[in-house]
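Okay, structure first, notes after.
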Amino acid sequence: MSQAIDLKQTAALLSENNYFTIICHASPDGDTLGGAYALCGALQNFNKRAKVLCPEEPSKRFDYLKNGVEMQDFSEQREFVITIDVADSALLGNMEEKYKDSTDLCIDHHISNTGYAEKMLLDGDAGAACEVVFELIKELSRLNGADLMTADIASCLYTGISTDTGCFRFSNTTADSHRFTAELMDYGFDCTGLNYLLFDMKTPERIQLERRALESVEFFFGGRCAVITLTKEMLDAADDEDINSISALPRQIEGVEAGVTFKEKEKGVWKISIRTKNYIDAQHICAKFGGGGHQRAAGCRIKGSVKECKERLMKEIELYI
C-alpha cells in the first residue's frame with residue numbers, strides 16, 4: 001500500500017528529483033490532463049525536466065493545455081513517475097503493465113484509490129485533482145522562492161477544476177473550488193473563451209451523438225433511474241470529450257435520481273458511468289463491479305450482453321431506490 005504524504009513532503013520529494021514522467025488516465029478528461037500539464041509546466045519552471053504521457057490520444061479541444069510546456073525527452077535517465085487523477089493502475093490502459101509497479105507518486109482526490117503507487121498525495125475532499133495540484137504548485141513556489149505559476153498553468157488548473165465540478169454545479173464543488181478559481185483568474189487567462197470551449201461549444205458529431213443517446217433512453221423504477229446506451233458504432237463517430245460529456249444527460253431528466261450511461265468499448269464489454277443526485281451512492285454501486293469514483297459520480301466495466309449487464313446493474317440500484 002501507498003505511504004500517504006502531505007503537501008510539504010511531496011514538494012520536498014519533487015525538489016530532490018530531476019526527471020519526471022507524468023501520466024494521465026485512459027479516456028483522458030480535463031482533470032487528469034489539466035493537472036498533468038500544469039504540474040509539468042511548474043516543474044519545468046522549477047528547472048526540472050518533465051514530460052506528460054497519456055495512454056490514449058486526448059480530444060483536440062484540449063490542445064491548448066500544452067501551451068508553455070516544452071516537449072522534453074530524457075529516456076536515458078531514471079524517471080520519477082507521477083500519476084494524476086488515476087485511482088487504480090487499471091486506468092493506465094496500455095501503460096499499466098509498464099507503470100503499475102513503478103509509480104513513485106500518485107496525486108489524486110478519489111477515496112476509492114487502490115494505493116498502487118509508492119507514495120500518495122490524496123485529498124478526498126477536493127473537488128478535482130487539479131485542486132490538489134494547485135496547492136502543490138504553491139508549495140513548490142515557496143521552495144523556489146518565486147511564483148512558478150503562469151497564465152498557461154492557471155488555465156490548465158481551471159480546466160480540471162471546472163470540468164470535474166460540472167462548471168461548479170456538481171455536489172463535489174466546495175468553497176475551495178471557488179477560492180482557488182478566483183486566485184487562478186488573477187493570472188489573466190481567457191476564462192470566458194475557455195468556458196465556451198469546455199461547456200457551450202458542441203461539434204456536429206456531438207449533436208448527432210446526443211440525439212441518438214436521447215432516442216435510446218430507458219426508464220426504470222417509476223422514472224427514478226434513466227439509462228442511455230451508446231454502441232461502439234455510435235462512439236466511433238464522436239470525439240472522446242463529446243462522449244465524456246454525454247454521461248451527464250440522463251441525470252438531467254426531471255425526477256431521475258440515478259442516471260446511467262452504457263458505452264460499448266468492444267463487443268461484450270460495457271463501460272458504465274453512473275451519476276446520482278441525492279441519496280444513491282454511485283461509488284458503492286460501481287465498487288460491486290470492480291470500479292470506483294465518487295459518491296455522486298462513478299464508473300465501472302461489466303462484461304456480457306447489454307441486456308444481462310443492465311439487469312445486473314439494476315439489481316444493485318434497486319437496493320437504493
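Residue numbers start at 1 in each chain; chains themselves are named A, B, ... in the order of the C-alpha cells; ligands are numbered from 1 in the order shown.
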
Residues of segment 109-204 of chain A that have any atom at most 8 Å from an atom of segment 60-71 of chain A: could you tabulate them with the shortest-distance atom pair and the distance in Å to one decimal, using only C-alpha atoms, ordered by chain and increasing number, as a Markdown table?
| residue | atom | partner | partner_atom | distance |
| --- | --- | --- | --- | --- |
| A:Asp152 | CA | A:Asn67 | CA | 6.2 |
| A:Ile153 | CA | A:Gly68 | CA | 8.0 |
| A:Ser155 | CA | A:Leu65 | CA | 7.5 |
| A:Cys156 | CA | A:Leu65 | CA | 5.7 |
| A:Leu197 | CA | A:Arg61 | CA | 7.4 |

Restricting it to C-alpha atoms, dump the selection as a CSV table (one decimal), in the first residue's frame.
chain,number,residue,atom,x,y,z
A,152,ASP,CA,-1.0,28.9,-19.2
A,153,ILE,CA,-0.6,26.8,-16.0
A,155,SER,CA,-5.7,27.8,-17.5
A,156,CYS,CA,-4.7,24.1,-17.1
A,197,LEU,CA,-14.8,25.8,-25.4

Next item on the list: Could you tell me which of A:Asn17, A:Asn45, A:Thr231, A:Ser245 comes closest to Ser305 of chain A if we count only C-alpha atoms?
Entry: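 Closest candidate: A:Thr231.
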
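Distances to Leu230 of chain A were evaluated for A:Tyr279, A:Tyr196, A:Tyr116, A:Trp270 using only C-alpha atoms, and the minimum falls at A:Trp270.
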
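Residues lying within 10 Å of Leu143 of chain A, counting only C-alpha atoms and ignoring same-chain neighbours fewer than 5 positions away, are Lys8, Ala11, Ala12, Ser15, Phe46, Ile137 and Lys138 of chain A.
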
Could you write out the selected residues, including N, CA and C atoms, as a JSON list (two decimals), in the first residue's frame?
[["chain", "number", "residue", "atom", "x", "y", "z"],
["A", 8, "LYS", "N", 3.85, 19.45, 1.97],
["A", 8, "LYS", "CA", 5.25, 19.80, 2.19],
["A", 8, "LYS", "C", 6.18, 18.64, 1.88],
["A", 11, "ALA", "N", 6.31, 18.27, -1.97],
["A", 11, "ALA", "CA", 7.14, 19.30, -2.59],
["A", 11, "ALA", "C", 8.62, 19.02, -2.37],
["A", 12, "ALA", "N", 8.97, 18.58, -1.16],
["A", 12, "ALA", "CA", 10.37, 18.25, -0.87],
["A", 12, "ALA", "C", 10.84, 17.07, -1.72],
["A", 15, "SER", "N", 11.47, 18.24, -5.22],
["A", 15, "SER", "CA", 12.67, 19.07, -5.32],
["A", 15, "SER", "C", 13.94, 18.23, -5.33],
["A", 46, "PHE", "N", 10.69, 25.15, -12.54],
["A", 46, "PHE", "CA", 11.49, 24.87, -11.35],
["A", 46, "PHE", "C", 12.86, 24.29, -11.75],
["A", 137, "ILE", "N", 1.66, 23.19, -6.32],
["A", 137, "ILE", "CA", 2.46, 24.18, -7.06],
["A", 137, "ILE", "C", 2.75, 25.39, -6.17],
["A", 138, "LYS", "N", 1.79, 25.77, -5.34],
["A", 138, "LYS", "CA", 2.04, 26.88, -4.40],
["A", 138, "LYS", "C", 3.14, 26.50, -3.41]]

Write out as a PDB file with C-alpha atoms, in the first residue's frame each polymer residue whose atoms come within 12 Å of Tyr99 of chain A, counting only C-alpha atoms; drop sequence neighbours fewer than 2 positions from it.
ATOM      1  CA  THR A  21       7.235  11.432 -16.253  1.00  0.00           C
ATOM      2  CA  ILE A  22       3.649  12.471 -15.533  1.00  0.00           C
ATOM      3  CA  ILE A  23       0.933  10.062 -16.635  1.00  0.00           C
ATOM      4  CA  CYS A  24      -2.777  10.637 -17.263  1.00  0.00           C
ATOM      5  CA  HIS A  25      -5.522   8.034 -17.132  1.00  0.00           C
ATOM      6  CA  LEU A  53       2.335  10.712 -21.243  1.00  0.00           C
ATOM      7  CA  PRO A  55      -2.364   6.056 -22.800  1.00  0.00           C
ATOM      8  CA  GLU A  79      12.480   8.802 -14.342  1.00  0.00           C
ATOM      9  CA  PHE A  80      10.374   9.735 -11.322  1.00  0.00           C
ATOM     10  CA  VAL A  81       6.864   8.603 -12.271  1.00  0.00           C
ATOM     11  CA  ILE A  82       3.788  10.567 -11.209  1.00  0.00           C
ATOM     12  CA  THR A  83       0.158   9.778 -11.983  1.00  0.00           C
ATOM     13  CA  VAL A  86      -5.562   7.846 -11.513  1.00  0.00           C
ATOM     14  CA  ASP A  88      -6.389   2.469  -9.984  1.00  0.00           C
ATOM     15  CA  SER A  89      -3.469   1.229 -12.085  1.00  0.00           C
ATOM     16  CA  ALA A  90      -6.041  -0.418 -14.403  1.00  0.00           C
ATOM     17  CA  LEU A  91      -6.936   3.124 -15.533  1.00  0.00           C
ATOM     18  CA  LEU A  92      -3.472   3.423 -17.084  1.00  0.00           C
ATOM     19  CA  GLY A  93      -4.725   1.370 -20.030  1.00  0.00           C
ATOM     20  CA  ASN A  94      -1.926   0.181 -22.288  1.00  0.00           C
ATOM     21  CA  MET A  95       0.635   1.701 -19.912  1.00  0.00           C
ATOM     22  CA  GLU A  96      -0.467  -0.350 -16.904  1.00  0.00           C
ATOM     23  CA  GLU A  97       1.985  -3.197 -17.421  1.00  0.00           C
ATOM     24  CA  ASP A 101       4.604  -1.397 -10.075  1.00  0.00           C
ATOM     25  CA  SER A 102       6.876   1.579 -10.747  1.00  0.00           C
ATOM     26  CA  THR A 103       4.715   4.614  -9.955  1.00  0.00           C
ATOM     27  CA  ASP A 104       6.576   6.749  -7.417  1.00  0.00           C
ATOM     28  CA  LEU A 105       3.773   9.189  -6.628  1.00  0.00           C
ATOM     29  CA  CYS A 106       0.028   9.376  -7.205  1.00  0.00           C
ATOM     30  CA  TYR A 116      -0.802   1.172  -6.130  1.00  0.00           C
ATOM     31  CA  ALA A 117       1.812   3.968  -6.031  1.00  0.00           C
ATOM     32  CA  GLU A 118       4.761   4.035  -3.635  1.00  0.00           C
TER      33      GLU A 118
END
